[in-house]
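Novice: Input structure: run-v5.csv, which contains CSV, C-alpha atoms.
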```csv
chain,number,residue,atom,x,y,z
A,1,MET,CA,14.9,-13.3,-1.4
A,2,VAL,CA,11.9,-12.6,0.7
A,3,PRO,CA,12.5,-10.5,3.8
A,4,ALA,CA,11.4,-12.2,7.0
A,5,ARG,CA,8.6,-9.8,7.8
A,6,THR,CA,6.8,-10.4,4.6
A,7,ARG,CA,6.4,-14.1,5.3
A,8,ARG,CA,3.0,-15.3,6.4
A,9,ALA,CA,3.3,-15.0,10.1
A,10,CYS,CA,0.1,-14.7,11.9
A,11,VAL,CA,-3.5,-15.4,10.8
A,12,PHE,CA,-6.5,-14.1,12.6
A,13,GLY,CA,-9.9,-15.5,11.7
A,14,LYS,CA,-9.0,-15.7,8.0
A,15,VAL,CA,-8.1,-18.8,6.1
A,16,PRO,CA,-4.6,-18.6,4.8
A,17,ALA,CA,-4.3,-18.7,1.1
A,18,THR,CA,-2.5,-22.0,1.1
A,19,GLU,CA,-5.4,-23.7,2.9
A,20,SER,CA,-8.0,-22.1,0.7
A,21,ARG,CA,-6.2,-23.5,-2.4
A,22,SER,CA,-6.7,-27.0,-1.2
A,23,ARG,CA,-10.5,-26.6,-1.3
A,24,PRO,CA,-12.6,-26.9,-4.4
A,25,ARG,CA,-12.5,-23.4,-5.9
A,26,GLN,CA,-15.1,-21.6,-7.8
A,27,ILE,CA,-13.2,-19.4,-10.2
A,28,GLY,CA,-15.5,-19.5,-13.2
A,29,GLY,CA,-16.4,-15.8,-13.0
A,30,ARG,CA,-13.1,-14.5,-11.8
A,31,MET,CA,-10.9,-12.6,-14.2
A,32,ASP,CA,-7.4,-13.8,-15.1
A,33,LEU,CA,-6.0,-10.7,-13.4
A,34,PHE,CA,-7.0,-12.1,-10.0
A,35,LYS,CA,-5.7,-15.6,-10.7
A,36,LYS,CA,-2.0,-15.0,-11.5
A,37,THR,CA,0.6,-12.4,-10.8
A,38,LEU,CA,0.8,-9.6,-13.2
A,39,ASP,CA,4.1,-8.6,-14.8
A,40,PRO,CA,5.2,-5.4,-13.0
A,41,VAL,CA,6.4,-3.9,-16.3
A,42,ILE,CA,2.9,-4.2,-17.7
A,43,ALA,CA,1.3,-2.9,-14.5
A,44,LEU,CA,3.7,0.1,-14.2
A,45,ALA,CA,3.3,0.9,-17.9
A,46,ALA,CA,-0.5,1.0,-17.4
A,47,ILE,CA,-0.1,3.2,-14.3
A,48,ALA,CA,2.2,5.5,-16.3
A,49,VAL,CA,-0.4,6.0,-19.0
A,50,LEU,CA,-3.1,6.7,-16.4
A,51,ASP,CA,-0.7,9.1,-14.6
A,52,ILE,CA,-0.4,11.1,-17.9
A,53,PHE,CA,-4.2,11.5,-17.9
A,54,LEU,CA,-4.1,12.5,-14.2
A,55,PHE,CA,-1.4,15.0,-15.0
A,56,LEU,CA,-3.7,16.5,-17.7
A,57,ILE,CA,-6.7,16.6,-15.4
A,58,VAL,CA,-5.4,17.6,-12.0
A,59,GLY,CA,-1.7,16.9,-11.6
A,60,SER,CA,0.8,14.1,-11.5
A,61,TRP,CA,0.7,11.2,-9.0
A,62,THR,CA,2.1,11.9,-5.5
A,63,VAL,CA,1.5,10.2,-2.2
A,64,GLY,CA,3.4,12.3,0.4
A,65,GLY,CA,1.2,15.3,-0.1
A,66,GLY,CA,-2.0,13.3,0.7
A,67,GLU,CA,-0.3,11.7,3.7
A,68,THR,CA,0.8,15.1,5.0
A,69,MET,CA,-2.8,16.4,4.7
A,70,MET,CA,-4.1,13.3,6.5
A,71,THR,CA,-1.5,13.9,9.3
A,72,GLY,CA,-2.8,17.5,9.6
A,73,LEU,CA,-6.4,16.2,9.8
A,74,ALA,CA,-5.5,13.7,12.4
A,75,ALA,CA,-3.6,16.3,14.4
A,76,GLU,CA,-6.5,18.7,14.1
A,77,ALA,CA,-8.9,15.9,15.4
A,78,VAL,CA,-6.6,15.5,18.4
A,79,LEU,CA,-5.5,19.0,19.1
A,80,GLY,CA,-8.5,21.0,18.0
A,81,ASP,CA,-7.9,24.7,17.5
A,82,ASP,CA,-4.5,24.4,19.1
A,83,ILE,CA,-3.2,23.2,15.8
A,84,GLU,CA,-3.3,26.8,14.6
A,85,ARG,CA,-0.4,27.6,17.0
A,86,LEU,CA,1.8,25.3,14.8
A,87,PRO,CA,3.0,27.4,11.9
A,88,PHE,CA,3.4,24.5,9.5
A,89,TRP,CA,-0.3,23.6,9.8
A,90,SER,CA,-1.5,27.2,9.5
A,91,LEU,CA,0.8,28.5,6.8
A,92,VAL,CA,1.8,25.6,4.6
A,93,PHE,CA,-0.7,22.8,4.9
A,94,GLN,CA,-4.1,23.9,6.4
A,95,PRO,CA,-6.0,20.7,7.1
A,96,ASP,CA,-8.6,20.3,4.4
A,97,TRP,CA,-10.7,17.2,3.6
A,98,GLY,CA,-11.1,18.5,0.0
A,99,TYR,CA,-7.4,18.0,-0.9
A,100,TRP,CA,-7.5,15.6,-3.9
A,101,LYS,CA,-4.2,13.8,-3.1
A,102,ILE,CA,-5.7,12.3,0.0
A,103,TYR,CA,-8.0,10.3,-2.2
A,104,ILE,CA,-5.2,8.8,-4.3
A,105,SER,CA,-3.9,7.1,-1.1
A,106,LEU,CA,-7.3,6.0,0.1
A,107,GLY,CA,-8.0,4.7,-3.4
A,108,MET,CA,-4.8,2.6,-3.3
A,109,LEU,CA,-5.8,1.1,0.0
A,110,PHE,CA,-9.3,0.3,-1.3
A,111,GLY,CA,-8.0,-1.0,-4.6
A,112,ALA,CA,-5.4,-3.2,-2.9
A,113,PHE,CA,-8.1,-4.6,-0.5
A,114,VAL,CA,-10.4,-5.4,-3.3
A,115,ALA,CA,-7.7,-7.0,-5.4
A,116,ALA,CA,-6.4,-9.0,-2.4
A,117,VAL,CA,-10.0,-10.2,-1.5
A,118,LEU,CA,-10.8,-11.2,-5.1
A,119,SER,CA,-7.6,-13.1,-5.5
A,120,LYS,CA,-8.0,-14.7,-2.1
A,121,GLU,CA,-4.8,-13.1,-0.8
A,122,PHE,CA,-6.3,-11.1,2.0
A,123,TYR,CA,-5.3,-12.3,5.5
A,124,LEU,CA,-3.9,-10.5,8.5
A,125,ARG,CA,-0.2,-11.0,9.1
A,126,MET,CA,2.2,-9.5,11.6
A,127,PRO,CA,5.9,-9.1,12.0
A,128,ARG,CA,7.1,-11.9,14.3
A,129,ARG,CA,10.1,-10.5,16.1
A,130,LEU,CA,10.5,-7.4,18.2
A,131,GLY,CA,13.5,-6.4,16.1
A,132,GLU,CA,11.2,-6.2,13.0
A,133,TRP,CA,8.8,-4.0,14.9
A,134,VAL,CA,11.7,-1.7,15.9
A,135,MET,CA,13.0,-1.6,12.4
A,136,ILE,CA,9.6,-0.7,10.9
A,137,THR,CA,9.0,1.9,13.5
A,138,ILE,CA,12.4,3.6,12.8
A,139,GLY,CA,11.8,3.2,9.1
A,140,GLY,CA,8.3,4.8,9.3
A,141,LEU,CA,9.6,7.7,11.3
A,142,LEU,CA,12.5,8.3,8.9
A,143,MET,CA,10.1,8.3,5.9
A,144,GLY,CA,7.8,10.8,7.6
A,145,ILE,CA,10.7,13.1,8.6
A,146,GLY,CA,12.2,12.7,5.1
A,147,ILE,CA,9.0,13.7,3.3
A,148,ARG,CA,8.6,16.7,5.6
A,149,LEU,CA,12.1,17.9,5.1
A,150,ALA,CA,12.2,17.3,1.3
A,151,PHE,CA,8.5,18.2,0.6
A,152,ILE,CA,8.4,15.2,-1.7
A,153,CYS,CA,8.3,11.5,-1.5
A,154,ASN,CA,9.5,8.7,-3.7
A,155,VAL,CA,6.4,8.7,-5.9
A,156,SER,CA,6.7,12.4,-6.7
A,157,THR,CA,10.4,11.8,-7.3
A,158,PHE,CA,10.1,8.9,-9.8
A,159,PHE,CA,6.6,9.5,-11.2
A,160,GLY,CA,6.3,13.2,-10.9
A,161,ILE,CA,9.1,15.8,-11.0
A,162,THR,CA,11.8,13.7,-12.7
A,163,PRO,CA,9.5,12.7,-15.7
A,164,GLU,CA,8.6,16.5,-15.9
A,165,VAL,CA,12.4,17.0,-16.4
A,166,ASN,CA,12.5,19.0,-13.3
A,167,PHE,CA,16.2,19.3,-12.3
A,168,GLY,CA,15.1,19.0,-8.7
A,169,GLY,CA,14.2,15.4,-9.5
A,170,TYR,CA,17.9,14.6,-10.1
A,171,LEU,CA,18.7,16.0,-6.6
A,172,ALA,CA,15.8,13.9,-5.2
A,173,ILE,CA,17.0,10.7,-7.0
A,174,SER,CA,20.6,11.1,-5.8
A,175,GLY,CA,19.3,11.5,-2.3
A,176,ILE,CA,17.0,8.5,-2.4
A,177,ILE,CA,19.6,6.2,-4.0
A,178,ALA,CA,22.2,7.2,-1.4
A,179,GLY,CA,19.7,6.6,1.3
A,180,ALA,CA,18.5,3.3,0.0
A,181,TRP,CA,22.2,2.2,-0.3
A,182,VAL,CA,22.9,3.1,3.3
A,183,GLY,CA,19.6,1.5,4.3
A,184,SER,CA,20.5,-1.6,2.4
A,185,LEU,CA,23.8,-1.9,4.3
A,186,ILE,CA,22.1,-1.5,7.6
A,187,TYR,CA,19.4,-4.0,6.5
A,188,LYS,CA,22.0,-6.5,5.4
A,189,ARG,CA,24.0,-6.2,8.6
A,190,ILE,CA,20.8,-6.8,10.6
A,191,LEU,CA,19.8,-9.8,8.4
A,192,GLU,CA,23.3,-11.3,8.8
A,193,GLY,CA,23.5,-10.5,12.5
B,1,MET,CA,-12.6,20.9,-12.5
B,2,SER,CA,-14.5,21.1,-9.3
B,3,PRO,CA,-12.8,20.0,-6.0
B,4,VAL,CA,-15.2,17.1,-5.7
B,5,GLY,CA,-14.5,16.0,-9.3
B,6,GLU,CA,-10.7,16.2,-8.6
B,7,CYS,CA,-11.2,14.0,-5.5
B,8,ILE,CA,-13.3,11.4,-7.5
B,9,VAL,CA,-10.7,11.3,-10.3
B,10,ALA,CA,-7.9,10.9,-7.7
B,11,PHE,CA,-9.8,8.1,-6.0
B,12,VAL,CA,-10.5,6.2,-9.2
B,13,PHE,CA,-6.8,6.6,-10.2
B,14,GLY,CA,-5.7,5.4,-6.7
B,15,THR,CA,-8.0,2.4,-6.9
B,16,VAL,CA,-6.6,1.3,-10.2
B,17,VAL,CA,-3.1,1.8,-9.0
B,18,GLY,CA,-3.9,-0.2,-5.8
B,19,VAL,CA,-5.3,-3.1,-7.9
B,20,LEU,CA,-2.3,-3.1,-10.3
B,21,VAL,CA,0.4,-2.8,-7.7
B,22,GLN,CA,-1.2,-5.5,-5.5
B,23,ARG,CA,-1.5,-7.9,-8.5
B,24,SER,CA,2.0,-7.2,-9.8
B,25,ARG,CA,3.7,-7.1,-6.3
B,26,PHE,CA,5.5,-4.0,-7.5
B,27,CYS,CA,7.4,-2.2,-4.8
B,28,ASN,CA,9.5,0.9,-5.2
B,29,THR,CA,11.7,-0.1,-2.2
B,30,ALA,CA,12.4,-3.4,-3.8
B,31,ALA,CA,13.3,-1.6,-7.1
B,32,LEU,CA,16.2,0.0,-5.3
B,33,ARG,CA,17.0,-2.4,-2.5
B,34,ASP,CA,17.0,-5.6,-4.6
B,35,ALA,CA,19.1,-4.1,-7.3
B,36,MET,CA,21.7,-3.0,-4.7
B,37,LEU,CA,21.6,-6.1,-2.4
B,38,PHE,CA,20.6,-9.0,-4.5
B,39,ASN,CA,21.3,-8.0,-8.2
B,40,SER,CA,17.7,-8.6,-8.9
B,41,TYR,CA,16.0,-6.1,-11.3
B,42,ARG,CA,12.3,-7.2,-11.6
B,43,ASN,CA,11.0,-4.0,-10.0
B,44,THR,CA,13.8,-1.7,-11.2
B,45,LYS,CA,12.9,-2.5,-14.8
B,46,ALA,CA,9.2,-1.7,-14.2
B,47,LEU,CA,10.2,1.6,-12.5
B,48,LEU,CA,12.4,2.5,-15.5
B,49,VAL,CA,9.7,1.7,-18.1
B,50,ALA,CA,7.1,3.8,-16.2
B,51,MET,CA,9.6,6.7,-16.1
B,52,ILE,CA,10.3,6.5,-19.8
B,53,ILE,CA,6.6,6.5,-20.7
B,54,LEU,CA,5.9,9.4,-18.2
B,55,THR,CA,8.9,11.5,-19.4
B,56,ILE,CA,7.7,11.3,-23.0
B,57,GLY,CA,4.0,11.8,-22.1
B,58,PHE,CA,4.6,14.7,-19.7
B,59,THR,CA,7.0,16.6,-21.9
B,60,THR,CA,4.8,16.1,-25.0
B,61,PHE,CA,1.9,17.7,-23.3
B,62,ILE,CA,4.1,20.4,-21.7
B,63,SER,CA,5.3,21.2,-25.2
B,64,ILE,CA,1.8,22.1,-26.3
B,65,GLY,CA,1.1,23.9,-23.0
B,66,GLU,CA,-1.0,21.3,-21.4
B,67,GLY,CA,-0.8,19.5,-18.0
B,68,HIS,CA,-0.3,20.6,-14.4
B,69,THR,CA,3.5,20.7,-13.7
B,70,MET,CA,4.7,20.7,-10.1
B,71,HIS,CA,6.2,23.9,-8.9
B,72,PHE,CA,7.9,24.1,-5.6
B,73,ASP,CA,11.2,24.9,-3.9
B,74,VAL,CA,13.8,22.3,-4.3
B,75,GLY,CA,17.2,22.5,-2.7
B,76,LEU,CA,19.6,20.7,-0.5
B,77,ASN,CA,16.7,19.9,1.8
B,78,THR,CA,15.5,17.7,-1.0
B,79,VAL,CA,18.7,15.6,-1.0
B,80,ALA,CA,18.8,15.4,2.8
B,81,GLY,CA,15.1,14.5,3.1
B,82,LEU,CA,15.1,11.9,0.4
B,83,PHE,CA,18.3,10.4,1.9
B,84,LEU,CA,16.5,9.9,5.2
B,85,PHE,CA,13.5,8.7,3.3
B,86,GLY,CA,15.6,6.1,1.4
B,87,ILE,CA,17.0,4.7,4.6
B,88,GLY,CA,13.6,4.6,6.2
B,89,MET,CA,11.9,2.8,3.3
B,90,VAL,CA,14.5,0.1,3.3
B,91,LEU,CA,14.2,-0.4,7.0
B,92,ALA,CA,10.4,-0.3,6.9
B,93,GLY,CA,10.4,-2.7,3.9
B,94,ALA,CA,7.9,-0.5,2.1
B,95,CYS,CA,7.6,2.9,0.5
B,96,THR,CA,4.7,5.3,0.4
B,97,VAL,CA,2.8,3.2,-2.2
B,98,SER,CA,3.5,-0.2,-0.8
B,99,THR,CA,2.6,0.8,2.8
B,100,TRP,CA,-0.9,1.5,1.5
B,101,VAL,CA,-1.1,-1.5,-0.7
B,102,LYS,CA,0.3,-3.9,1.9
B,103,THR,CA,-2.1,-2.5,4.5
B,104,GLY,CA,-4.9,-3.2,2.1
B,105,GLU,CA,-3.8,-6.8,1.9
B,106,GLY,CA,-3.9,-7.1,5.7
B,107,ASN,CA,-0.3,-6.5,6.6
B,108,ILE,CA,-0.2,-5.0,10.1
B,109,GLY,CA,3.6,-4.3,9.8
B,110,ALA,CA,2.9,-2.0,6.8
B,111,LEU,CA,0.1,-0.3,8.7
B,112,TRP,CA,2.5,0.3,11.6
B,113,ALA,CA,5.0,1.8,9.2
B,114,LEU,CA,2.2,4.1,7.8
B,115,ILE,CA,1.2,5.2,11.3
B,116,PHE,CA,4.8,6.1,12.1
B,117,THR,CA,5.2,7.9,8.8
B,118,PHE,CA,2.4,10.1,10.0
B,119,VAL,CA,4.0,10.5,13.4
B,120,GLY,CA,7.4,11.4,11.8
B,121,MET,CA,5.6,14.0,9.6
B,122,PHE,CA,3.9,15.5,12.6
B,123,LEU,CA,7.1,15.5,14.7
B,124,PHE,CA,9.0,17.3,12.0
B,125,SER,CA,6.2,19.8,11.4
B,126,LEU,CA,6.9,21.0,15.0
B,127,VAL,CA,10.3,22.2,13.9
B,128,TRP,CA,9.1,23.6,10.6
B,129,SER,CA,10.3,27.1,11.4
B,130,TRP,CA,13.8,25.6,11.4
B,131,ASN,CA,12.9,23.5,8.4
B,132,PHE,CA,11.7,26.5,6.5
B,133,TRP,CA,14.7,27.4,4.4
B,134,PRO,CA,14.8,31.2,4.0
B,135,PRO,CA,17.2,31.1,1.1
B,136,ALA,CA,14.8,29.0,-0.9
B,137,PRO,CA,12.0,31.4,-1.7
B,138,ALA,CA,14.4,34.3,-1.8
B,139,SER,CA,16.3,32.7,-4.7
B,140,MET,CA,13.2,31.6,-6.5
B,141,THR,CA,13.3,33.8,-9.6
B,142,GLY,CA,11.9,31.4,-12.1
B,143,LYS,CA,15.3,31.1,-13.7
B,144,ILE,CA,17.9,28.3,-13.4
B,145,ASN,CA,19.8,29.2,-10.2
B,146,VAL,CA,22.5,26.6,-9.9
B,147,GLU,CA,24.4,28.7,-7.3
B,148,ALA,CA,21.7,28.5,-4.8
B,149,LEU,CA,20.9,24.9,-5.7
B,150,GLN,CA,17.3,25.9,-6.1
B,151,LEU,CA,16.5,23.9,-9.2
B,152,GLY,CA,12.8,23.6,-8.5
B,153,PHE,CA,11.6,25.9,-11.3
B,154,SER,CA,14.1,24.5,-13.8
B,155,ASN,CA,11.6,22.1,-15.3
B,156,ALA,CA,10.8,21.3,-18.9
B,157,ALA,CA,8.1,24.0,-19.0
B,158,THR,CA,10.4,26.8,-17.8
B,159,LEU,CA,13.3,25.6,-20.0
B,160,GLN,CA,11.0,25.7,-23.0
B,161,GLU,CA,9.9,29.2,-22.0
B,162,LYS,CA,13.3,30.6,-21.4
B,163,LEU,CA,15.3,28.8,-24.1
B,164,GLY,CA,12.6,28.5,-26.7
B,165,ILE,CA,13.3,24.7,-27.1
B,166,PRO,CA,10.2,22.5,-26.9
B,167,ALA,CA,10.0,20.5,-23.7
B,168,ILE,CA,9.8,17.2,-25.6
B,169,VAL,CA,13.5,17.7,-26.7
B,170,PHE,CA,14.6,17.6,-23.0
B,171,GLY,CA,12.1,14.7,-22.5
B,172,LEU,CA,13.6,12.7,-25.4
B,173,VAL,CA,17.1,13.2,-24.0
B,174,GLN,CA,16.1,12.0,-20.5
B,175,ALA,CA,14.1,9.1,-22.0
B,176,ALA,CA,17.1,8.0,-24.0
B,177,VAL,CA,19.3,8.1,-20.8
B,178,LEU,CA,16.7,6.0,-19.0
B,179,LEU,CA,16.5,3.6,-21.9
B,180,LEU,CA,20.3,3.2,-21.8
B,181,ILE,CA,20.1,2.3,-18.1
B,182,TYR,CA,17.3,-0.2,-18.9
B,183,ARG,CA,19.3,-1.8,-21.7
B,184,ALA,CA,22.3,-2.0,-19.4
B,185,ILE,CA,20.1,-3.9,-16.9
B,186,LEU,CA,18.9,-6.3,-19.6
B,187,LYS,CA,22.5,-6.9,-20.6
B,188,LYS,CA,23.5,-7.6,-17.0
B,189,GLU,CA,20.5,-10.0,-16.6
B,190,ALA,CA,21.5,-11.9,-19.8
B,191,ALA,CA,25.1,-12.2,-18.4
B,192,GLN,CA,23.7,-13.4,-15.1
B,193,GLN,CA,21.6,-16.0,-16.9
B,194,ALA,CA,24.5,-17.2,-19.0
B,195,ARG,CA,26.7,-17.6,-15.9
B,196,HIS,CA,23.9,-19.5,-14.2
B,197,LYS,CA,23.4,-21.8,-17.1
B,198,ALA,CA,27.2,-22.4,-17.4
B,199,ALA,CA,27.4,-23.2,-13.7
B,200,GLN,CA,24.4,-25.6,-14.0
B,201,GLU,CA,26.0,-27.4,-17.0
B,202,GLU,CA,29.3,-27.6,-15.2
B,203,ARG,CA,27.6,-29.2,-12.2
B,204,ALA,CA,25.7,-31.7,-14.4
B,205,LEU,CA,29.0,-32.6,-16.2
B,206,LYS,CA,30.8,-33.1,-12.9
B,207,LYS,CA,28.0,-35.3,-11.6
B,208,ALA,CA,28.1,-37.4,-14.8
B,209,MET,CA,31.9,-37.7,-14.6
B,210,THR,CA,31.7,-38.9,-10.9
B,211,GLU,CA,29.0,-41.4,-11.8
B,212,LYS,CA,31.1,-42.7,-14.7
B,213,ALA,CA,34.2,-42.9,-12.6
B,214,SER,CA,32.4,-44.9,-9.9
B,215,GLY,CA,30.9,-47.1,-12.6
B,216,LYS,CA,34.4,-48.0,-14.0
B,217,THR,CA,35.9,-49.0,-10.6
B,218,GLY,CA,33.2,-51.6,-10.2
B,219,GLU,CA,30.2,-51.3,-8.0
B,220,PRO,CA,31.2,-52.4,-4.6
B,221,VAL,CA,27.9,-51.5,-2.9
B,222,ALA,CA,25.9,-53.1,-5.7
B,223,GLU,CA,27.1,-56.6,-4.9
B,224,PRO,CA,24.2,-58.4,-3.4
B,225,ALA,CA,25.1,-60.0,-0.1
B,226,GLN,CA,24.7,-63.8,-0.1
```
Please re-express this file's structure in structure tokens.

Specialist:
Amino acid sequence: MVPARTRRACVFGKVPATESRSRPRQIGGRMDLFKKTLDPVIALAAIAVLDIFLFLIVGSWTVGGGETMMTGLAAEAVLGDDIERLPFWSLVFQPDWGYWKIYISLGMLFGAFVAAVLSKEFYLRMPRRLGEWVMITIGGLLMGIGIRLAFICNVSTFFGITPEVNFGGYLAISGIIAGAWVGSLIYKRILEG
Amino acid sequence: MSPVGECIVAFVFGTVVGVLVQRSRFCNTAALRDAMLFNSYRNTKALLVAMIILTIGFTTFISIGEGHTMHFDVGLNTVAGLFLFGIGMVLAGACTVSTWVKTGEGNIGALWALIFTFVGMFLFSLVWSWNFWPPAPASMTGKINVEALQLGFSNAATLQEKLGIPAIVFGLVQAAVLLLIYRAILKKEAAQQARHKAAQEERALKKAMTEKASGKTGEPVAEPAQ
């Protein structure tokens, strides 16, 4: 079942994928990867192998850390030196463009953009109803607060500390499963209502 | 490795992840939500396979003293934080990975979720002094400290160091548990498929019976009007 907000809702300037398919296509040079959907098991297995290399070179895959640093950099850009008055940004995460985890997130954005363009799946789409905007806003805020409180996100839970057999990973997984369950109940109620 | 080198490696890794996640439509939120709400395990299976590979890979290298393990304070704040995160990701319809990937595809809703994740992080950083849990660093001794629920340092590397058992042993145990969960899902899927097939056959049989029955009683509507 596809949630309402993921449906193609709004197109600005770009030709929707359905229309582009009706035209003669020039796919001679395009790799198979950009023509059909990849099995997620294969994709995640490949990511896991790469993550092992990353673990050997710099550290395992995380996203929340890079996002936190980006938040600090954005706050610094807005607040200037005033940011030093906030203990978190002066003691725990001093804004620094050289923090490697930022570039994992930017890489994901870039990679997804390239893949979407090559497979002709890039088009602007928006949630339709006000309720969806409200749900996404609350969801985003809760994710941000959650990452800050726990110091880890879902990626570091499932692809970082738990595979390192860190017992903290089990705490994290119990938290996220309980949260996803409660979230699913709320989501179901909203979908049905 | 130099900081610039680290950033380049991270960007290359991120780019490949972005391509693979976009092409496979993998979503961590769906891995949990779909399993709970719709009994659909497409993403859950991928998540488990990745975790099995990573567990064996990480603990193998930890056993020979290689790799960069994560070390930080973990406690009840981890459970509480991830609980809020879990609710948030289901409501937002995207996790930390899929917000970036969907934004890359042109999804404004995902970009909105990402912006508000940043806002949430900043808002909570304002109350960091309260968030800073004094018992956590005080109890961080590098040993297993179940009492204080500070399990952050109890990873495969420290267990190997303290107990003298190679990390891969713990890794194999964990991988076996993950494999059992994976197999249970496959079993459940097979049962779902069997039920679906049986229901389809039953429907086809019923349809055939109805057609046969209507054929026996004559075909009143088939009589051409003269």

Novice: Report the distance between CA of Trp100 in chain A and CA of Phe11 in chain B in Å, rounded to one decimal place.

Specialist: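 One can read the CA of Trp100 in chain A to CA of Phe11 in chain B distance as 8.1 Å.
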
Novice: I'd like the neighbourhood of range 104-106 of chain B as a count of residues only, where a residue qualifies if any of its atoms comes within 12 Å (using all atoms listed in the file), though same-chain residues fewer than 3 positions away should be ignored.

Specialist: 50

Novice: Counting only C-alpha atoms, a student should be able to say which residues of chain A come within 6 Å of chain B; what is the right answer, written as a VMD selection string?

Specialist: chain A and resid 37 to 41 43 to 45 48 55 to 56 59 71 88 100 103 to 104 107 to 109 111 to 113 115 to 116 122 to 127 135 to 137 139 to 146 148 to 150 163 to 168 171 to 172 175 to 176 179 to 180 183

Novice: Rounded to one decimal, what separation in Å do you get between CA of Leu185 in chain A and CA of Val134 in chain A?

Specialist: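 The value is 16.8 Å.
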
Novice: State, in Å with one decimal place, the distance from CA of Phe159 in chain A to CA of Leu33 in chain A.

Specialist: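 Going from CA of Phe159 in chain A over to CA of Leu33 in chain A, I get 23.9 Å.
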